[in-house]
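Undergrad: Please find coords-v9.cif (mmCIF, C-alpha atoms) on the next line:
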```cif
data_run
#
loop_
_atom_site.label_atom_id
_atom_site.label_comp_id
_atom_site.auth_asym_id
_atom_site.auth_seq_id
_atom_site.Cartn_x
_atom_site.Cartn_y
_atom_site.Cartn_z
CA PRO K 150 2.17 0.11 -84.82
CA HIS K 151 5.86 0.86 -84.45
CA PRO K 152 8.60 0.42 -87.10
CA LEU K 153 10.40 -2.03 -84.82
CA ALA K 154 7.34 -4.29 -84.98
CA LEU K 155 8.45 -5.20 -88.52
CA HIS K 156 11.89 -6.14 -87.25
CA TRP K 157 10.62 -8.25 -84.37
CA PHE K 158 7.58 -9.80 -86.11
CA ASP K 159 7.42 -13.56 -85.68
CA PRO K 160 4.77 -15.32 -87.83
CA ARG K 161 4.83 -18.31 -85.46
CA GLY K 162 3.09 -16.27 -82.76
CA LYS K 163 -0.40 -17.24 -81.57
CA GLY K 164 -3.07 -15.31 -79.75
CA PRO K 165 -4.02 -16.11 -76.14
CA ALA K 166 -7.14 -18.03 -77.19
CA GLU K 167 -5.18 -20.20 -79.64
CA THR K 168 -2.50 -20.76 -77.03
CA GLY K 169 -5.11 -21.90 -74.53
CA LEU K 170 -4.45 -19.28 -71.87
CA PRO K 171 -7.13 -19.33 -69.13
CA LEU K 172 -9.70 -16.55 -69.01
CA ASP K 173 -9.08 -16.06 -65.29
CA ARG K 174 -5.92 -15.94 -63.21
CA HIS K 175 -4.87 -15.32 -59.62
CA PHE K 176 -1.32 -13.97 -59.48
CA LYS K 177 -0.37 -15.16 -56.01
CA GLY K 178 2.88 -13.24 -55.63
CA VAL K 179 1.08 -9.89 -55.69
CA ASP K 180 -2.45 -11.10 -54.87
CA VAL K 181 -4.05 -9.63 -57.98
CA VAL K 182 -6.87 -11.33 -59.91
CA PHE K 183 -7.94 -10.89 -63.53
CA LEU K 184 -11.28 -12.17 -64.87
CA ARG K 185 -12.51 -11.90 -68.45
CA SER K 186 -15.40 -13.13 -70.57
CA LYS K 187 -13.39 -13.80 -73.73
CA TRP K 188 -10.00 -13.34 -75.38
CA GLN K 189 -9.45 -11.17 -78.47
CA ASP K 190 -12.88 -9.53 -78.40
CA LYS K 191 -12.94 -5.74 -78.00
CA ASN K 192 -16.41 -5.96 -76.46
CA ALA K 193 -15.45 -8.53 -73.84
CA ILE K 194 -15.69 -7.93 -70.11
CA PHE K 195 -12.41 -7.52 -68.23
CA VAL K 196 -12.14 -7.15 -64.46
CA GLY K 197 -8.97 -6.43 -62.49
CA PHE K 198 -9.27 -6.91 -58.71
CA LYS K 199 -6.50 -6.40 -56.19
CA GLY K 200 -5.62 -7.52 -52.75
CA GLY K 201 -1.92 -7.05 -52.19
CA ASP K 202 -0.03 -5.07 -49.56
CA ASN K 203 -0.11 -1.35 -48.80
CA ARG K 204 3.55 -1.46 -47.76
CA VAL K 205 4.96 -1.96 -51.26
CA ASN K 206 6.87 0.86 -52.96
CA HIS K 207 4.72 3.49 -54.71
CA SER K 208 1.57 1.95 -53.22
CA HIS K 209 -1.77 3.68 -52.98
CA LEU K 210 -4.21 2.82 -50.19
CA ASP K 211 -6.33 0.78 -52.58
CA LEU K 212 -6.76 -2.73 -51.17
CA GLY K 213 -9.96 -4.22 -52.62
CA SER K 214 -10.05 -1.83 -55.58
CA PHE K 215 -11.22 -2.96 -59.02
CA VAL K 216 -11.33 -1.80 -62.64
CA LEU K 217 -13.95 -2.85 -65.18
CA ASP K 218 -13.97 -2.82 -69.00
CA ALA K 219 -16.91 -3.87 -71.19
CA LEU K 220 -18.17 -3.07 -74.69
CA GLY K 221 -14.84 -1.47 -75.51
CA LYS K 222 -15.16 1.08 -72.67
CA ARG K 223 -13.63 1.47 -69.23
CA TRP K 224 -16.42 1.86 -66.70
CA ALA K 225 -14.59 1.63 -63.37
CA LEU K 226 -11.28 3.43 -63.67
CA ASP K 227 -8.16 3.84 -61.58
CA LEU K 228 -7.11 7.48 -61.32
CA GLY K 229 -3.40 6.68 -61.10
CA GLY K 230 -0.80 8.80 -59.36
CA ASP K 231 -0.40 12.53 -58.95
CA ASP K 232 2.52 14.95 -59.44
CA TYR K 233 5.65 13.60 -57.75
CA ASN K 234 6.65 17.22 -57.01
CA LEU K 235 3.73 17.83 -54.65
CA PRO K 236 5.01 18.65 -51.14
CA GLY K 237 5.70 15.50 -49.15
CA TYR K 238 4.47 13.24 -51.94
CA PHE K 239 6.78 10.44 -50.80
CA GLY K 240 6.83 11.65 -47.21
CA SER K 241 4.64 13.02 -44.46
CA LYS K 242 1.85 14.30 -46.73
CA ARG K 243 1.56 11.24 -48.99
CA TRP K 244 -1.72 10.00 -47.53
CA THR K 245 -3.36 13.44 -47.74
CA TYR K 246 -3.54 13.38 -51.55
CA TYR K 247 -6.82 12.25 -53.12
CA ARG K 248 -5.38 9.91 -55.75
CA LEU K 249 -3.38 8.06 -53.12
CA ARG K 250 -5.94 8.07 -50.33
CA THR K 251 -8.54 5.34 -49.90
CA GLU K 252 -11.31 7.77 -50.89
CA GLY K 253 -9.72 8.02 -54.36
CA GLN K 254 -10.05 4.27 -55.04
CA ASN K 255 -12.82 1.88 -56.07
CA THR K 256 -13.09 0.27 -52.67
CA LEU K 257 -14.70 0.73 -49.26
CA VAL K 258 -14.13 3.75 -47.04
CA ILE K 259 -14.97 3.01 -43.41
CA ASN K 260 -15.58 5.83 -40.92
CA GLY K 261 -14.21 8.25 -43.54
CA LYS K 262 -10.65 7.10 -42.88
CA ASN K 263 -7.72 5.84 -44.91
CA GLN K 264 -6.78 2.19 -44.92
CA ASN K 265 -3.87 1.16 -42.72
CA PRO K 266 -0.73 1.98 -44.79
CA ARG K 267 0.93 -1.21 -43.53
CA ALA K 268 -1.95 -3.59 -44.12
CA PRO K 269 -1.89 -6.70 -46.33
CA ALA K 270 -4.99 -8.07 -48.07
CA PRO K 271 -4.59 -11.68 -49.22
CA ILE K 272 -6.79 -13.28 -51.85
CA VAL K 273 -8.33 -16.07 -49.79
CA ARG K 274 -10.55 -17.65 -52.41
CA PHE K 275 -10.37 -17.99 -56.19
CA GLY K 276 -12.29 -20.12 -58.64
CA SER K 277 -12.95 -20.43 -62.36
CA THR K 278 -15.48 -22.50 -64.30
CA GLU K 279 -16.83 -22.32 -67.83
CA ASN K 280 -19.59 -19.86 -66.91
CA ASN K 281 -18.38 -18.14 -63.74
CA ALA K 282 -15.22 -16.86 -62.05
CA TRP K 283 -14.70 -15.33 -58.63
CA ALA K 284 -12.22 -14.15 -56.03
CA VAL K 285 -12.43 -13.04 -52.40
CA ALA K 286 -9.99 -10.74 -50.59
CA ASP K 287 -9.64 -10.45 -46.83
CA LEU K 288 -9.49 -6.69 -46.16
CA THR K 289 -9.74 -6.90 -42.37
CA ALA K 290 -6.25 -5.61 -41.63
CA ALA K 291 -6.88 -2.50 -43.76
CA TYR K 292 -9.65 -1.19 -41.50
CA PRO K 293 -8.52 -0.92 -37.84
CA ASP K 294 -11.87 0.59 -36.77
CA VAL K 295 -13.52 -2.75 -37.55
CA LYS K 296 -12.99 -5.21 -34.70
CA GLY K 297 -14.24 -8.14 -36.69
CA LYS K 298 -13.86 -8.80 -40.41
CA VAL K 299 -14.06 -7.09 -43.78
CA ARG K 300 -14.13 -9.14 -46.95
CA ARG K 301 -14.78 -8.28 -50.60
CA GLY K 302 -15.70 -10.70 -53.35
CA VAL K 303 -15.77 -9.98 -57.08
CA ALA K 304 -17.47 -12.45 -59.42
CA LEU K 305 -17.99 -12.63 -63.19
CA LEU K 306 -21.34 -14.40 -63.55
CA LYS K 307 -22.45 -16.06 -66.77
CA ARG K 308 -19.42 -14.24 -68.25
CA ALA K 309 -21.77 -11.27 -68.63
CA ASN K 310 -22.36 -9.65 -65.20
CA VAL K 311 -19.99 -8.45 -62.47
CA LEU K 312 -20.98 -8.83 -58.82
CA VAL K 313 -19.10 -6.85 -56.17
CA GLN K 314 -20.04 -8.14 -52.74
CA ASP K 315 -18.77 -6.82 -49.42
CA GLU K 316 -19.25 -8.23 -45.94
CA VAL K 317 -18.48 -6.17 -42.84
CA ALA K 318 -18.87 -7.49 -39.29
CA SER K 319 -17.81 -5.14 -36.50
CA GLU K 320 -18.12 -5.08 -32.71
CA LYS K 321 -19.12 -1.41 -32.90
CA PRO K 322 -21.25 0.26 -35.61
CA VAL K 323 -19.23 1.86 -38.41
CA ASP K 324 -19.98 4.05 -41.41
CA VAL K 325 -19.44 2.14 -44.68
CA LEU K 326 -19.19 3.87 -48.07
CA TRP K 327 -18.87 1.94 -51.38
CA ALA K 328 -17.27 3.88 -54.26
CA MET K 329 -16.51 3.58 -57.98
CA HIS K 330 -14.87 6.24 -60.18
CA THR K 331 -16.10 6.55 -63.75
CA GLU K 332 -16.05 8.88 -66.75
CA ALA K 333 -19.56 7.76 -67.72
CA LYS K 334 -22.60 9.98 -67.45
CA VAL K 335 -24.79 8.63 -64.66
CA ASP K 336 -28.57 8.58 -64.26
CA LEU K 337 -29.58 7.74 -60.68
CA ASN K 338 -32.74 5.97 -59.60
CA GLY K 339 -32.39 5.03 -55.95
CA LYS K 340 -31.18 1.43 -55.86
CA SER K 341 -30.17 1.47 -59.53
CA ALA K 342 -28.10 3.66 -61.84
CA VAL K 343 -27.50 3.68 -65.59
CA LEU K 344 -24.02 4.67 -66.74
CA ARG K 345 -23.60 5.89 -70.34
CA LEU K 346 -20.51 6.06 -72.54
CA GLY K 347 -21.44 6.75 -76.17
CA ASP K 348 -23.95 4.12 -77.26
CA SER K 349 -22.94 1.73 -74.47
CA ARG K 350 -24.63 1.32 -71.11
CA LEU K 351 -23.86 -0.21 -67.74
CA LEU K 352 -26.69 -1.00 -65.34
CA ALA K 353 -25.68 -0.84 -61.69
CA ARG K 354 -28.06 -2.37 -59.14
CA ILE K 355 -27.87 -2.59 -55.36
CA LEU K 356 -29.10 -6.06 -54.47
CA GLU K 357 -28.41 -5.74 -50.73
CA PRO K 358 -29.00 -4.24 -48.21
CA ALA K 359 -32.46 -2.72 -48.13
CA GLY K 360 -32.36 1.03 -47.68
CA ALA K 361 -29.05 1.55 -49.51
CA ARG K 362 -29.05 4.15 -52.29
CA PHE K 363 -26.73 5.34 -55.06
CA GLU K 364 -25.39 8.90 -54.95
CA LEU K 365 -22.89 10.96 -56.93
CA ILE K 366 -20.23 12.90 -55.04
CA SER K 367 -17.22 14.97 -56.06
CA ALA K 368 -14.01 13.32 -57.22
CA THR K 369 -12.16 16.65 -57.57
CA PRO K 370 -9.60 17.49 -54.89
CA PRO K 371 -8.35 21.01 -54.16
CA PRO K 372 -5.43 22.37 -56.26
CA PRO K 373 -2.53 21.93 -56.72
CA GLN K 374 -3.55 18.27 -56.83
CA ARG K 375 -4.37 16.89 -60.26
CA GLN K 376 -7.97 17.66 -61.14
CA ASN K 377 -10.48 15.07 -62.39
CA PRO K 378 -12.90 17.20 -64.42
CA ASN K 379 -14.49 14.31 -66.34
CA VAL K 380 -14.66 11.85 -63.47
CA ARG K 381 -17.78 11.07 -61.46
CA LYS K 382 -17.76 9.19 -58.20
CA LEU K 383 -20.65 6.76 -57.83
CA VAL K 384 -21.15 5.74 -54.21
CA VAL K 385 -23.51 3.53 -52.25
CA ARG K 386 -24.78 5.27 -49.14
CA LEU K 387 -26.24 3.22 -46.28
CA PRO K 388 -29.04 4.62 -44.08
CA GLY K 389 -26.78 4.69 -41.04
CA LYS K 390 -23.91 3.02 -39.24
CA VAL K 391 -23.86 -0.77 -39.27
CA ASP K 392 -22.24 -3.54 -37.25
CA ASN K 393 -23.08 -6.35 -39.66
CA VAL K 394 -23.84 -5.75 -43.31
CA ARG K 395 -23.65 -7.45 -46.68
CA LEU K 396 -23.45 -4.98 -49.56
CA ALA K 397 -23.98 -6.46 -53.04
CA VAL K 398 -23.76 -4.41 -56.26
CA LEU K 399 -24.38 -5.98 -59.68
CA LEU K 400 -22.86 -4.33 -62.78
CA SER K 401 -24.30 -5.40 -66.15
CA PRO K 402 -23.23 -3.96 -69.55
CA TYR K 403 -25.64 -3.58 -72.48
CA ARG K 404 -26.10 -1.50 -75.64
CA GLN K 405 -29.79 -0.73 -76.25
CA ALA K 406 -32.79 -0.17 -74.01
CA ALA K 407 -34.38 -3.34 -75.37
CA GLN K 408 -31.34 -5.27 -74.12
CA LYS K 409 -31.49 -3.89 -70.57
CA PRO K 410 -30.36 -6.74 -68.30
CA THR K 411 -32.83 -8.53 -66.07
CA PHE K 412 -30.51 -11.17 -64.61
CA ILE K 413 -30.33 -11.14 -60.80
CA PRO K 414 -28.21 -13.81 -59.13
CA PRO K 415 -28.94 -15.39 -55.77
CA ILE K 416 -26.79 -13.81 -53.07
CA SER K 417 -24.87 -16.21 -50.86
CA PRO K 418 -22.24 -15.59 -48.15
CA LEU K 419 -18.68 -15.16 -49.39
CA GLU K 420 -17.76 -18.22 -47.35
CA GLU K 421 -19.85 -20.27 -49.78
CA TRP K 422 -18.38 -18.88 -53.00
CA ARG K 423 -16.09 -21.89 -53.27
CA ARG K 424 -19.15 -23.87 -54.31
CA ARG K 425 -20.31 -21.58 -57.15
#
```
Output the structure of this file as structure tokens.
TA:
Amino acid sequence: PHPLALHWFDPRGKGPAETGLPLDRHFKGVDVVFLRSKWQDKNAIFVGFKGGDNRVNHSHLDLGSFVLDALGKRWALDLGGDDYNLPGYFGSKRWTYYRLRTEGQNTLVINGKNQNPRAPAPIVRFGSTENNAWAVADLTAAYPDVKGKVRRGVALLKRANVLVQDEVASEKPVDVLWAMHTEAKVDLNGKSAVLRLGDSRLLARILEPAGARFELISATPPPPQRQNPNVRKLVVRLPGKVDNVRLAVLLSPYRQAAQKPTFIPPISPLEEWRRR
């Protein structure tokens, strides 16, 4: 609270649920999507998912990135910017810094390279029903090594589970790495991982493709860049290069072992998400 809150308090105000604001929204001007399970509930699920344009001022190379809150915790986090005084921060060295590079975001890294700094990524599909909400971004322009298409869909299913689904089709095989930054402690088990923050849990499961596995890799760049001592980078590693792949990761929050989620949705092509 702030003293000025007393001065500006208006008893006529209503909360978003009372006002009838939708749980989901696509902001078309910036191509950003927000999905949530409920208003005014500290345990609710909140997902922010961005398309957008890498050319905007102060941009990071983060097309397709997402953040995720659930059970009052942030599970997938955005690292934010670094020190503006780093050499060439707004110049020739900008895309060498971890927090600005594609590898520092919760998105795909293809062939170990940055996204195209001039690429747009429109939201090409958005939908919202009582039980489900979804959005699809076309990331093709961001990955010049892919002579085909790259799309990412994020869905909130049953208002309780988050599906992140990527589809990559390329004329030549490419290396695809899925990544999510988190401050949670992580227990790996091949195609699944349990993330822990206090008494809360998040179950991550790779639904497709066969042979993919979770790994933890460093999220700490060399000094003088800002360090990330409490951040872990959860990645999905594929067995090899691919020319056509669908990568589906399901993220399900829960509190106790007895409540460990068992829900697994059917996986359908992103082209069909309009019919969810």
Undergrad: Specify as a ChimeraX atom specification each residue included when the PyMOL selection byres ((chain K and resi 357-370) around 10) is applied to this file.
TA: /K:228,246-248,252-253,314-315,327-331,335-342,353-356,371-389,394-399,416
Undergrad: Got a sec to resolve the PyMOL selection byres ((chain K and resi 201) around 12) on this structure and send the residues as number ranges by chain?
TA: K: 175-182, 198-200, 202-206, 208-214, 266-273, 286-288, 290-291
Undergrad: Could you please take those selected residues and save C-alpha atoms as a PDB file, in the frame of the given file?
TA:
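Final output, saved to part.pdb:
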```pdb
ATOM      1  CA  HIS K 175      -4.870 -15.320 -59.620  1.00  0.00           C
ATOM      2  CA  PHE K 176      -1.320 -13.970 -59.480  1.00  0.00           C
ATOM      3  CA  LYS K 177      -0.370 -15.160 -56.010  1.00  0.00           C
ATOM      4  CA  GLY K 178       2.880 -13.240 -55.630  1.00  0.00           C
ATOM      5  CA  VAL K 179       1.080  -9.890 -55.690  1.00  0.00           C
ATOM      6  CA  ASP K 180      -2.450 -11.100 -54.870  1.00  0.00           C
ATOM      7  CA  VAL K 181      -4.050  -9.630 -57.980  1.00  0.00           C
ATOM      8  CA  VAL K 182      -6.870 -11.330 -59.910  1.00  0.00           C
ATOM      9  CA  PHE K 198      -9.270  -6.910 -58.710  1.00  0.00           C
ATOM     10  CA  LYS K 199      -6.500  -6.400 -56.190  1.00  0.00           C
ATOM     11  CA  GLY K 200      -5.620  -7.520 -52.750  1.00  0.00           C
ATOM     12  CA  ASP K 202      -0.030  -5.070 -49.560  1.00  0.00           C
ATOM     13  CA  ASN K 203      -0.110  -1.350 -48.800  1.00  0.00           C
ATOM     14  CA  ARG K 204       3.550  -1.460 -47.760  1.00  0.00           C
ATOM     15  CA  VAL K 205       4.960  -1.960 -51.260  1.00  0.00           C
ATOM     16  CA  ASN K 206       6.870   0.860 -52.960  1.00  0.00           C
ATOM     17  CA  SER K 208       1.570   1.950 -53.220  1.00  0.00           C
ATOM     18  CA  HIS K 209      -1.770   3.680 -52.980  1.00  0.00           C
ATOM     19  CA  LEU K 210      -4.210   2.820 -50.190  1.00  0.00           C
ATOM     20  CA  ASP K 211      -6.330   0.780 -52.580  1.00  0.00           C
ATOM     21  CA  LEU K 212      -6.760  -2.730 -51.170  1.00  0.00           C
ATOM     22  CA  GLY K 213      -9.960  -4.220 -52.620  1.00  0.00           C
ATOM     23  CA  SER K 214     -10.050  -1.830 -55.580  1.00  0.00           C
ATOM     24  CA  PRO K 266      -0.730   1.980 -44.790  1.00  0.00           C
ATOM     25  CA  ARG K 267       0.930  -1.210 -43.530  1.00  0.00           C
ATOM     26  CA  ALA K 268      -1.950  -3.590 -44.120  1.00  0.00           C
ATOM     27  CA  PRO K 269      -1.890  -6.700 -46.330  1.00  0.00           C
ATOM     28  CA  ALA K 270      -4.990  -8.070 -48.070  1.00  0.00           C
ATOM     29  CA  PRO K 271      -4.590 -11.680 -49.220  1.00  0.00           C
ATOM     30  CA  ILE K 272      -6.790 -13.280 -51.850  1.00  0.00           C
ATOM     31  CA  VAL K 273      -8.330 -16.070 -49.790  1.00  0.00           C
ATOM     32  CA  ALA K 286      -9.990 -10.740 -50.590  1.00  0.00           C
ATOM     33  CA  ASP K 287      -9.640 -10.450 -46.830  1.00  0.00           C
ATOM     34  CA  LEU K 288      -9.490  -6.690 -46.160  1.00  0.00           C
ATOM     35  CA  ALA K 290      -6.250  -5.610 -41.630  1.00  0.00           C
ATOM     36  CA  ALA K 291      -6.880  -2.500 -43.760  1.00  0.00           C
TER      37      ALA K 291
END
```
Undergrad: Please expand the PyMOL selection byres ((chain K and resi 298) around 9) into the concrete residues it hits in this file, giving the result as a PDB file with C-alpha atoms, in the coordinates of the input.
TA:
```
ATOM      1  CA  ASP K 287      -9.640 -10.450 -46.830  1.00  0.00           C
ATOM      2  CA  LEU K 288      -9.490  -6.690 -46.160  1.00  0.00           C
ATOM      3  CA  THR K 289      -9.740  -6.900 -42.370  1.00  0.00           C
ATOM      4  CA  ALA K 290      -6.250  -5.610 -41.630  1.00  0.00           C
ATOM      5  CA  TYR K 292      -9.650  -1.190 -41.500  1.00  0.00           C
ATOM      6  CA  VAL K 295     -13.520  -2.750 -37.550  1.00  0.00           C
ATOM      7  CA  LYS K 296     -12.990  -5.210 -34.700  1.00  0.00           C
ATOM      8  CA  GLY K 297     -14.240  -8.140 -36.690  1.00  0.00           C
ATOM      9  CA  VAL K 299     -14.060  -7.090 -43.780  1.00  0.00           C
ATOM     10  CA  ARG K 300     -14.130  -9.140 -46.950  1.00  0.00           C
ATOM     11  CA  GLU K 316     -19.250  -8.230 -45.940  1.00  0.00           C
ATOM     12  CA  VAL K 317     -18.480  -6.170 -42.840  1.00  0.00           C
ATOM     13  CA  ALA K 318     -18.870  -7.490 -39.290  1.00  0.00           C
ATOM     14  CA  SER K 319     -17.810  -5.140 -36.500  1.00  0.00           C
TER      15      SER K 319
END
```
Undergrad: Have a look at CA of Gly276 (chain K) and CA of Arg423 (chain K) and let me know their distance in Å, one decimal.
TA: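 About the pair CA of Gly276 (chain K) and CA of Arg423 (chain K): they are 6.8 Å apart.
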Undergrad: Please indicate the distance in Å from CA of Glu421 (chain K) to CA of Arg308 (chain K), rounded to one decimal place.
TA: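 Separating CA of Glu421 (chain K) from CA of Arg308 (chain K) is a distance of 19.4 Å.
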Undergrad: Mind listing whatever residues come within 10 Å of the point (-24.0, 0.6, -70.2)? Use all atoms listed in the file, file coordinates, and give them as a list in words.
TA: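 Residues with an atom close enough to that point: Ala219, Leu220, Lys222, Trp224, Ala333, Lys334, Val335, Ala342, Val343, Leu344, Arg345, Leu346, Gly347, Asp348, Ser349, Arg350, Leu351, Leu352, Ala353, Leu400, Ser401, Pro402, Tyr403, Arg404, Gln405, Ala406, Lys409 and Pro410 of chain K.
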Undergrad: Choose the residue, out of K:Gly230, K:Pro171, K:Gly237, K:Gly302, that has the smallest atom-to-atom separation from Thr256 (chain K); count all atoms listed in the file.
TA: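 Closest candidate: K:Gly302.
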Undergrad: What separation in Å, quoted to one decimal, exists between CA of Ala166 (chain K) and CA of Ile194 (chain K)?
TA: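 About the pair CA of Ala166 (chain K) and CA of Ile194 (chain K): they are 15.0 Å apart.
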Undergrad: Measuring between all atoms listed in the file, which one of K:Val285, K:Ala225, K:Ala407, K:Leu235 shows the shortest distance to Asn255 (chain K)?
TA: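 Ranked by minimum distance to Asn255 (chain K), first place goes to K:Ala225.
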Undergrad: Within 10 Å of Thr278 (chain K), counting all atoms listed in the file, which residues qualify if same-chain residues fewer than 6 places away don't, as a list in words?
TA: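 With the cut-off at 10 Å, the set is Leu172, Asp173, Lys307, Arg308 and Arg425 of chain K.
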Undergrad: I'd like to know which of K:Val325, K:Leu226, K:Val216, K:Val313 is closest to Asp294 (chain K), using only C-alpha atoms.
TA: K:Val325
Undergrad: Please determine, counting all atoms listed in the file, which residue among K:Lys163, K:Arg174, K:Arg301, K:Arg250 has the shortest atom-to-atom distance to Glu420 (chain K).
TA: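 Of the candidates, the smallest distance to Glu420 (chain K) is held by K:Arg301.
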